[in-house]
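What follows is a short report on a single structure.
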Amino acid sequence: MGDCEIPELEGEEHLIAAVKHIVKALGSKKNLTDDARKILAQLGTQLSTMTTTTANETKDDKISEIEDLLNTVEEKIMSWEEDQSMIWDSGPEEASEYLNAAGEAQKLTERLERMCLKKDDDEYNLLQRAHNVLQKAMERLEEEFRHMLVENRQPFEPEHVSFRSSEEDVVDEASIISFGDESIEDSIHRDTVSRASEDYIIDLIHPDVIPDLRCIAKLMISSNYDRECYQAYTSTQKDALDECLVVLGMEKLSIEDVLRMEWTSLNYKIKQWVRTMKIFMRVYLASEKWLGEQIFGELGPVNLICFVEASKASMWQLLNFGEAISIGPHQPEKLSRILDMYEVLADLLPDIDALYSDEAGSSVRIECHDLLSRLGDTVRATFFEFKNAIASNASINPFAGGGIHHLTRYVMNYVKFLTDYSETLNLLLKDHDAEDPSSLSPDMSPTMEEEDKSRNSSSGISPMAHHFRSIASILQSSLDYKSKLYREASLQHFFLMNNIHYMAEKVKGSELRHIFGDEWIRKQNWKFQQHAMNYERASWSSILSLLKEDGIHNPGSNSISKTLLKERLRSFYLAFEEIYKTQTAWHIPDIQLREDLRISTSLKVIQAYRTFVGRHAIHLYDKDIKYSADDLETYLLDFFEGSPKSLQNNSRR
């Protein structure tokens with residue numbers, strides 16, 4: 001409450017005041033006689049009485065004027081109390097008249113308050129009437145304020161916002177399969193959404209009503225109804241923000257709901273969350289803050305408080321989802337999606353810090369930074385769980401056909417896919433050189449010595465390169481273990497040849513080459529070539545030994561024993577038919593490798609066969625030669641197709 005108002009003096013009141021001033025001045029003279037002083041004191045008393053009488057008459061006039069004005073204002077305000085329609089829907093003229101009336105009610109109330117009226121004053125009822133009229137006006141303005149915010153809300157169309165990924169509608173098979181599923185190959189796609197997108201400010205409320213909203217807010221706040229104005233705005237805009245999340249596909253889920261969700265559904269929800277975060281932060285929240293500045297910008301920092309209060313619930317909804325993901329199980333198939341969440345939040349932190357820059361928004365800022373840290377921890381834990389899963393991927397049965405194991409496909413395609421996250425992984429894996437999981441299994445350690453040497457010689461490589469090489473080493477240890485499930489040594493080498501060749505080719509033909517390096521590729525090429533040679537040796541050495549000269553001569557002479565020669569040839573045919581039946585069922589998926597191994601095998605087998613048959617042709621009849629060299633060469637083309645065939649009862653005759 002300010003100082004009490006003193007009615008203004010006009011006309012003769014000014015003259016009385018001037019005389020009183022003169023009397024007071026004369027009374028201060030020291031050389032006045034007592035009689036003079038007495039006369040001046042009596043004059044001063046008479047003048048004071050005259051002033052009080054005049055002031056009372058002026059106050060009465062003012063009260064009468066205020067009452068007349070209040071009657072007019074009250075009539076205008078109360079005329080809308082029975083009307084269910086909205087004032088601002090009746091046109092700008094009616095709205096302007098009501099706003100002026102409400103403003104006048106505020107001024108009249110303030111004038112009466114400055115008069116310091118007491119409860120026993122006759123005019124005190126007038127003050128109460130003014131308060132009641134002002135309250136009615138403010139309640140109506142609050143209702144109109146809410147109505148205008150709701151009815152003039154602009155439709156939000158996220159499909160028109162250019163954050164959309166070109167691959168967003170592609171079914172992401174890799175992210176919905178379980179660890180080690182063979183179908184992962186070449187099916188992984190990453191949502192390639194630009195991170196350089198600028199903020200998009202859109203009109204959340206029709207621009208034409210912003211001036212009216214601003215006038216209502218200004219009047220309510222100046223009338224000490226600021227709390228009601230803020231609550232009306234924040235509750236209405238909170239509903240609008242909730243509706244925006246619904247449009248973007250984000251339903252309200254508790255942490256428990258998320259943790260119970262099947263991975264197929266959760267994968268879809270994470271993709272929605274990533275896209276929602278970009279649009280919600282950079283478009284909707286930026287526009288919401290701008291709207292608050294338009295309405296409340298002239299009224300101090302209140303717009304920031306309103307923005308935080310309106311958006312806080314929606315932010316908690318989004319952050320709670322992230323929290324649920326961060327505390328969920330660290331399943332390898334989730335890694336790419338969690339990386340997407342980490343990257344989008346890291347990218348949005350500057351936007352979030354700017355949106356919630358004041359003290360009121362500090363809790364949102366802090367929670368976003370904390371969530372980013374927790375998601376980073378989850379990425380690391382999931383990555384190391386991925387390594388553990390490779391090391392602990394046990395098999396009790398050999399992989400059919402000696403082809404490329406589904407674990408090999410999964411791991412190599414997965415690490416290839418992770419190259420899209422190189423910058424993030426290098427950041428998160430730095431100084432986290434955890435113990436190699438493969439050391440936990442004593443049966444999977446053939447390549448660990450090599451891994452130790454690689455670690456010691458690669459101190460200059462990136463953290464991701466170090467861990468990727470470690471993964472390759474763990475995978476090879478696992479493959480070594482799985483190869484021992486085969487009884488035949490030839491199939492063991494054949495299996496390792498296939499899988500190591502696949503690893504080398506996957507690295508050589510992708511971005512992985514820059515991570516693993518050419519030296520690593522050369523080592524793997526040498527390895528699979530060694531296994532190819534060992535395969536040939538294990539498969540064909542005993543068969544080709546039948547085509548040697550040893551043991552086909554008559555005892556005690558250098559002459560050829562036809563019986564032994566024919567027996568040797570029959571043994572060769574039986575052995576060839578057996579290996580044909582077996583190795584046509586073996587499979588080399590890579591066309592070039594299949595052709596190279598056929599050629600290499602053919603050169604050795606056909607050359608040895610031609611030489612043997614040609615040298616002893618004079619001792620053999622046509623009926624003794626079951627297959628020609630050309631026949632054998634043709635049959636070798638059936639090898640490694642993964643389709644078992646038989647040569648029994650099949651001959652030239």
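Numbering starts fresh at 1 for the residues of each chain in the structure tokens, the chains themselves are lettered A, B, ... in the order given, and ligands are numbered from 1 as they appear.
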
Subject >> Cys244 (chain A) surroundings by only C-alpha atoms, 9 Å radius, close-in-sequence under 5 positions cut, as an NGL selection string >> reply: :A and (156 or 239 or 249-250 or 280 or 284)

With all heavy atoms retained, export the selected residues as a PDB file, in the first residue's frame.
```pdb
ATOM      1  N   PHE A 156       0.505 -28.906 -35.427  1.00  0.00           N
ATOM      2  CA  PHE A 156       1.921 -29.266 -35.519  1.00  0.00           C
ATOM      3  C   PHE A 156       2.066 -30.441 -36.467  1.00  0.00           C
ATOM      4  O   PHE A 156       1.472 -31.499 -36.258  1.00  0.00           O
ATOM      5  CB  PHE A 156       2.456 -29.624 -34.137  1.00  0.00           C
ATOM      6  CG  PHE A 156       3.919 -30.009 -34.142  1.00  0.00           C
ATOM      7  CD1 PHE A 156       4.871 -29.148 -34.653  1.00  0.00           C
ATOM      8  CD2 PHE A 156       4.336 -31.232 -33.632  1.00  0.00           C
ATOM      9  CE1 PHE A 156       6.211 -29.495 -34.667  1.00  0.00           C
ATOM     10  CE2 PHE A 156       5.666 -31.584 -33.635  1.00  0.00           C
ATOM     11  CZ  PHE A 156       6.604 -30.712 -34.148  1.00  0.00           C
ATOM     12  N   ASP A 239      -0.221 -28.802 -21.568  1.00  0.00           N
ATOM     13  CA  ASP A 239      -1.101 -29.692 -22.336  1.00  0.00           C
ATOM     14  C   ASP A 239      -0.709 -29.715 -23.808  1.00  0.00           C
ATOM     15  O   ASP A 239      -0.753 -30.766 -24.459  1.00  0.00           O
ATOM     16  CB  ASP A 239      -2.557 -29.240 -22.197  1.00  0.00           C
ATOM     17  CG  ASP A 239      -3.087 -29.434 -20.781  1.00  0.00           C
ATOM     18  OD1 ASP A 239      -2.486 -30.210 -20.019  1.00  0.00           O
ATOM     19  OD2 ASP A 239      -4.103 -28.787 -20.437  1.00  0.00           O
ATOM     20  N   GLY A 249       4.498 -39.592 -31.426  1.00  0.00           N
ATOM     21  CA  GLY A 249       4.486 -41.028 -31.163  1.00  0.00           C
ATOM     22  C   GLY A 249       5.063 -41.457 -29.836  1.00  0.00           C
ATOM     23  O   GLY A 249       5.310 -42.649 -29.635  1.00  0.00           O
ATOM     24  N   MET A 250       5.283 -40.509 -28.917  1.00  0.00           N
ATOM     25  CA  MET A 250       5.853 -40.857 -27.616  1.00  0.00           C
ATOM     26  C   MET A 250       4.742 -40.996 -26.582  1.00  0.00           C
ATOM     27  O   MET A 250       4.202 -40.004 -26.111  1.00  0.00           O
ATOM     28  CB  MET A 250       6.850 -39.783 -27.167  1.00  0.00           C
ATOM     29  CG  MET A 250       8.158 -39.784 -27.932  1.00  0.00           C
ATOM     30  SD  MET A 250       9.064 -41.342 -27.826  1.00  0.00           S
ATOM     31  CE  MET A 250       9.397 -41.424 -26.066  1.00  0.00           C
ATOM     32  N   PHE A 280      11.540 -32.164 -30.980  1.00  0.00           N
ATOM     33  CA  PHE A 280      10.973 -31.536 -29.789  1.00  0.00           C
ATOM     34  C   PHE A 280      11.875 -30.427 -29.259  1.00  0.00           C
ATOM     35  O   PHE A 280      11.405 -29.346 -28.898  1.00  0.00           O
ATOM     36  CB  PHE A 280      10.749 -32.598 -28.708  1.00  0.00           C
ATOM     37  CG  PHE A 280       9.884 -32.135 -27.577  1.00  0.00           C
ATOM     38  CD1 PHE A 280       8.540 -31.885 -27.771  1.00  0.00           C
ATOM     39  CD2 PHE A 280      10.414 -31.961 -26.306  1.00  0.00           C
ATOM     40  CE1 PHE A 280       7.729 -31.456 -26.726  1.00  0.00           C
ATOM     41  CE2 PHE A 280       9.619 -31.538 -25.255  1.00  0.00           C
ATOM     42  CZ  PHE A 280       8.270 -31.285 -25.466  1.00  0.00           C
ATOM     43  N   TYR A 284      10.047 -27.600 -31.389  1.00  0.00           N
ATOM     44  CA  TYR A 284       8.904 -27.272 -30.530  1.00  0.00           C
ATOM     45  C   TYR A 284       9.312 -26.472 -29.296  1.00  0.00           C
ATOM     46  O   TYR A 284       8.689 -25.446 -28.987  1.00  0.00           O
ATOM     47  CB  TYR A 284       8.166 -28.548 -30.121  1.00  0.00           C
ATOM     48  CG  TYR A 284       6.699 -28.273 -29.880  1.00  0.00           C
ATOM     49  CD1 TYR A 284       5.763 -28.437 -30.886  1.00  0.00           C
ATOM     50  CD2 TYR A 284       6.256 -27.810 -28.646  1.00  0.00           C
ATOM     51  CE1 TYR A 284       4.412 -28.156 -30.682  1.00  0.00           C
ATOM     52  CE2 TYR A 284       4.914 -27.533 -28.434  1.00  0.00           C
ATOM     53  CZ  TYR A 284       4.001 -27.707 -29.449  1.00  0.00           C
ATOM     54  OH  TYR A 284       2.677 -27.415 -29.232  1.00  0.00           O
TER      55      TYR A 284
END
```

Subject >> Selection: 12 Å around Glu519 (chain A), only C-alpha atoms, excl. self and same-chain fewer than 2 positions, as a list in words >> reply: Ser454, Ser457, Ser458, Arg469, Ala504, Val507, Lys508, Arg513, His514, Ile515, Phe516, Gly517, Ile521, Arg522, Lys523, Gln524, Asn525 and Trp526 of chain A

**OP:** Write out as a ChimeraX atom specification the residues lying within 10 Å of Met148 (chain A), counting only C-alpha atoms and excluding same-chain residues fewer than 3 positions away.
**Re:** /A:86,88-89,142-145,151-153,205-206,209-210,212-213

Subject >> Best match for closeness to Tyr481 (chain A) among A:Pro350, A:Pro398, A:Gly403, A:Gly509, counting only C-alpha atoms >> reply: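 Of the candidates, the smallest distance to Tyr481 (chain A) is held by A:Pro398.
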
Fewer than 4 positions away in the same chain doesn't count, so skip those; otherwise give me all residues within 9 Å of region 605-612 of chain A, counting only C-alpha atoms, as a JSON list (two decimals) with N, CA and C atoms, in the first residue's frame.
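Result written to selection.json:
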```json
[["chain", "number", "residue", "atom", "x", "y", "z"],
["A", 540, "TRP", "N", 44.11, -84.56, -49.58],
["A", 540, "TRP", "CA", 44.56, -85.21, -50.80],
["A", 540, "TRP", "C", 45.89, -85.94, -50.69],
["A", 543, "ILE", "N", 45.40, -89.68, -50.79],
["A", 543, "ILE", "CA", 44.85, -90.12, -52.08],
["A", 543, "ILE", "C", 45.91, -90.04, -53.16],
["A", 544, "LEU", "N", 46.62, -88.90, -53.17],
["A", 544, "LEU", "CA", 47.65, -88.72, -54.19],
["A", 544, "LEU", "C", 48.82, -89.69, -54.00],
["A", 547, "LEU", "N", 48.95, -92.61, -56.24],
["A", 547, "LEU", "CA", 49.41, -92.40, -57.62],
["A", 547, "LEU", "C", 50.93, -92.33, -57.71],
["A", 548, "LYS", "N", 51.59, -92.74, -56.65],
["A", 548, "LYS", "CA", 53.05, -92.77, -56.67],
["A", 548, "LYS", "C", 53.54, -94.15, -57.12],
["A", 549, "GLU", "N", 54.78, -94.22, -57.49],
["A", 549, "GLU", "CA", 55.36, -95.46, -58.03],
["A", 549, "GLU", "C", 55.66, -96.48, -56.94],
["A", 600, "SER", "N", 43.44, -74.89, -57.62],
["A", 600, "SER", "CA", 44.63, -75.38, -56.93],
["A", 600, "SER", "C", 44.56, -76.89, -56.73],
["A", 601, "THR", "N", 43.38, -77.37, -56.32],
["A", 601, "THR", "CA", 43.21, -78.82, -56.12],
["A", 601, "THR", "C", 43.30, -79.56, -57.44],
["A", 616, "HIS", "N", 51.70, -95.64, -67.14],
["A", 616, "HIS", "CA", 51.39, -97.07, -67.08],
["A", 616, "HIS", "C", 50.29, -97.47, -68.04],
["A", 617, "ALA", "N", 50.09, -96.68, -69.09],
["A", 617, "ALA", "CA", 49.03, -96.95, -70.05],
["A", 617, "ALA", "C", 49.18, -98.31, -70.71],
["A", 628, "SER", "N", 38.34, -90.61, -66.85],
["A", 628, "SER", "CA", 39.42, -89.92, -67.55],
["A", 628, "SER", "C", 39.83, -88.70, -66.73],
["A", 629, "ALA", "N", 40.96, -88.10, -67.11],
["A", 629, "ALA", "CA", 41.40, -86.88, -66.43],
["A", 629, "ALA", "C", 40.37, -85.77, -66.60],
["A", 630, "ASP", "N", 39.75, -85.72, -67.79],
["A", 630, "ASP", "CA", 38.72, -84.70, -68.02],
["A", 630, "ASP", "C", 37.50, -84.95, -67.14],
["A", 632, "LEU", "N", 37.52, -86.33, -64.15],
["A", 632, "LEU", "CA", 37.88, -85.90, -62.80],
["A", 632, "LEU", "C", 37.87, -84.38, -62.69],
["A", 633, "GLU", "N", 38.35, -83.73, -63.72],
["A", 633, "GLU", "CA", 38.38, -82.26, -63.70],
["A", 633, "GLU", "C", 36.96, -81.70, -63.64]]
```

**OP:** Could you jot down the CA of Leu574 (chain A) to CA of Lys626 (chain A) separation for me, Å, one decimal place?
**Re:**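 Computing it gives 10.3 Å between the two atoms.
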
Subject >> Among the residues A:Tyr230, A:Phe386, A:Tyr342, A:Phe321, the one that comes closest to Glu309 (chain A) [using only C-alpha atoms] >> reply: A:Tyr230

Subject >> Of the listed residues A:Thr276, A:Asn125, A:Thr419, A:Thr408, that which approaches Ile63 (chain A) most closely, counting only C-alpha atoms >> reply: A:Asn125
